[in-house]
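See structure below.
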Amino acid sequence: IILEFTGYDREYTPEELMTCIVKKDKNRAFTVLNNLLNNKGLNEVYLLSLISNYYMDLISFKSAGLDSMDSRVIYQKYKMWGDRVKFAKNYHKLMNIKSLVVSFDQIIDTDKKMKTSMLDPKTLMASLVEGLINT
């Protein structure tokens with residue numbers, strides 16, 4: 001109900017986009033991205049910030065022992081809670097630290113381009129998703 005109230009469909013959320021990216025499901029990722037940007041009108045900069053938060057969570061879970069920590073401790077130390085912890089716990093093993101670093105570099109590069117160029121933000125986001133899937 002909350003997702004629908006805030007404008008998301010249950011199947012088209014930023015978390016679903018991240019799940020598709022991590023699982024390398026290109027077709028579904030672009031379907032979700034298109035829905036978020038074009039049908040729901042989600043701001044590209046906001047979506048980029050959400051993606052960067054998910055990647056920071058995944059990087060955090062590369063710390064030794066974080067996997068076995070209690071969710072309350074994770075919140076106190078890393079300010080992650082709820083679904084973000086579940087996502088990071090479920091998917092951090094699918095990615096190695098090198099690919100996470102490369103992905104985060106792509107996110108930063110996209111952020112710079114959005115803020116300094118006249119390129120279409122939707123095109124930049126599509127390019128970023130493509131790059132993240134291929135990393």
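Residue numbering restarts at 1 for every chain of the structure tokens, chains are lettered A, B, ... in their displayed order, and ligands are numbered from 1 as they appear.
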
Would you tabulate, counting only C-alpha atoms, all residues of segment 10-94 of chain A that have an atom at most 12 Å from an atom of segment 101-109 of chain A, showing the closest pair of atoms and their distance in Å to one decimal, sorted by chain then ascending number, as JSON lines?
{"residue": "A:Ile21", "atom": "CA", "partner": "A:Ser103", "partner_atom": "CA", "distance": 10.9}
{"residue": "A:Val22", "atom": "CA", "partner": "A:Ser103", "partner_atom": "CA", "distance": 10.9}
{"residue": "A:Val45", "atom": "CA", "partner": "A:Ile107", "partner_atom": "CA", "distance": 10.9}
{"residue": "A:Leu47", "atom": "CA", "partner": "A:Ile107", "partner_atom": "CA", "distance": 11.0}
{"residue": "A:Leu48", "atom": "CA", "partner": "A:Ile107", "partner_atom": "CA", "distance": 7.4}
{"residue": "A:Ser49", "atom": "CA", "partner": "A:Ile107", "partner_atom": "CA", "distance": 8.9}
{"residue": "A:Leu50", "atom": "CA", "partner": "A:Ile107", "partner_atom": "CA", "distance": 10.7}
{"residue": "A:Ile51", "atom": "CA", "partner": "A:Ile107", "partner_atom": "CA", "distance": 8.1}
{"residue": "A:Ser52", "atom": "CA", "partner": "A:Ile107", "partner_atom": "CA", "distance": 6.7}
{"residue": "A:Asn53", "atom": "CA", "partner": "A:Phe104", "partner_atom": "CA", "distance": 10.0}
{"residue": "A:Tyr54", "atom": "CA", "partner": "A:Phe104", "partner_atom": "CA", "distance": 10.2}
{"residue": "A:Tyr55", "atom": "CA", "partner": "A:Phe104", "partner_atom": "CA", "distance": 6.9}
{"residue": "A:Met56", "atom": "CA", "partner": "A:Phe104", "partner_atom": "CA", "distance": 8.2}
{"residue": "A:Asp57", "atom": "CA", "partner": "A:Phe104", "partner_atom": "CA", "distance": 11.4}
{"residue": "A:Leu58", "atom": "CA", "partner": "A:Val101", "partner_atom": "CA", "distance": 10.4}
{"residue": "A:Ile59", "atom": "CA", "partner": "A:Val101", "partner_atom": "CA", "distance": 8.2}
{"residue": "A:Ser60", "atom": "CA", "partner": "A:Val101", "partner_atom": "CA", "distance": 11.7}
{"residue": "A:Lys62", "atom": "CA", "partner": "A:Val101", "partner_atom": "CA", "distance": 11.5}

Exercise. Just asking: which residues within chain A are helix (DSSP H, G or I) according to DSSP, as an MDAnalysis selection string?
Worked result: chainID A and resid 2:5 14:22 26:39 44:60 66:68 71:78 83:94 97:116 121:134

Exercise. Between atom CA of Val129 of chain A and atom CA of Ser71 of chain A, what is the spacing in Å?
Worked result: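 Distance between the two atoms: 29.0 Å.
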
Seminar exercise, completed: Among A:Val85, A:Met114, A:Met18, A:Ala29, Glu130 of chain A is approached most closely, using only C-alpha atoms, by A:Ala29

For this session: Identify, on the basis of only C-alpha atoms, every residue whose closest approach to Asn35 of chain A does not exceed 9 Å; exclude the query and any residue fewer than 5 positions from it along the same chain; express the result as number ranges by chain.
Result: A: 9, 12-13, 30, 40-42

Problem set entry | Between atom CA of Ile74 of chain A and atom CA of Val32 of chain A - distance in Å to one decimal | 28.9 Å

Exercise. In Å to one decimal, how far is atom CA of Glu11 of chain A from atom CA of Arg28 of chain A?
Worked result: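 These atoms are spaced 10.3 Å apart.
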
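Among the candidates A:Ser117, A:Lys112, A:Asn43, A:Lys23, the one nearest to Thr135 of chain A when counting only C-alpha atoms is A:Lys23.
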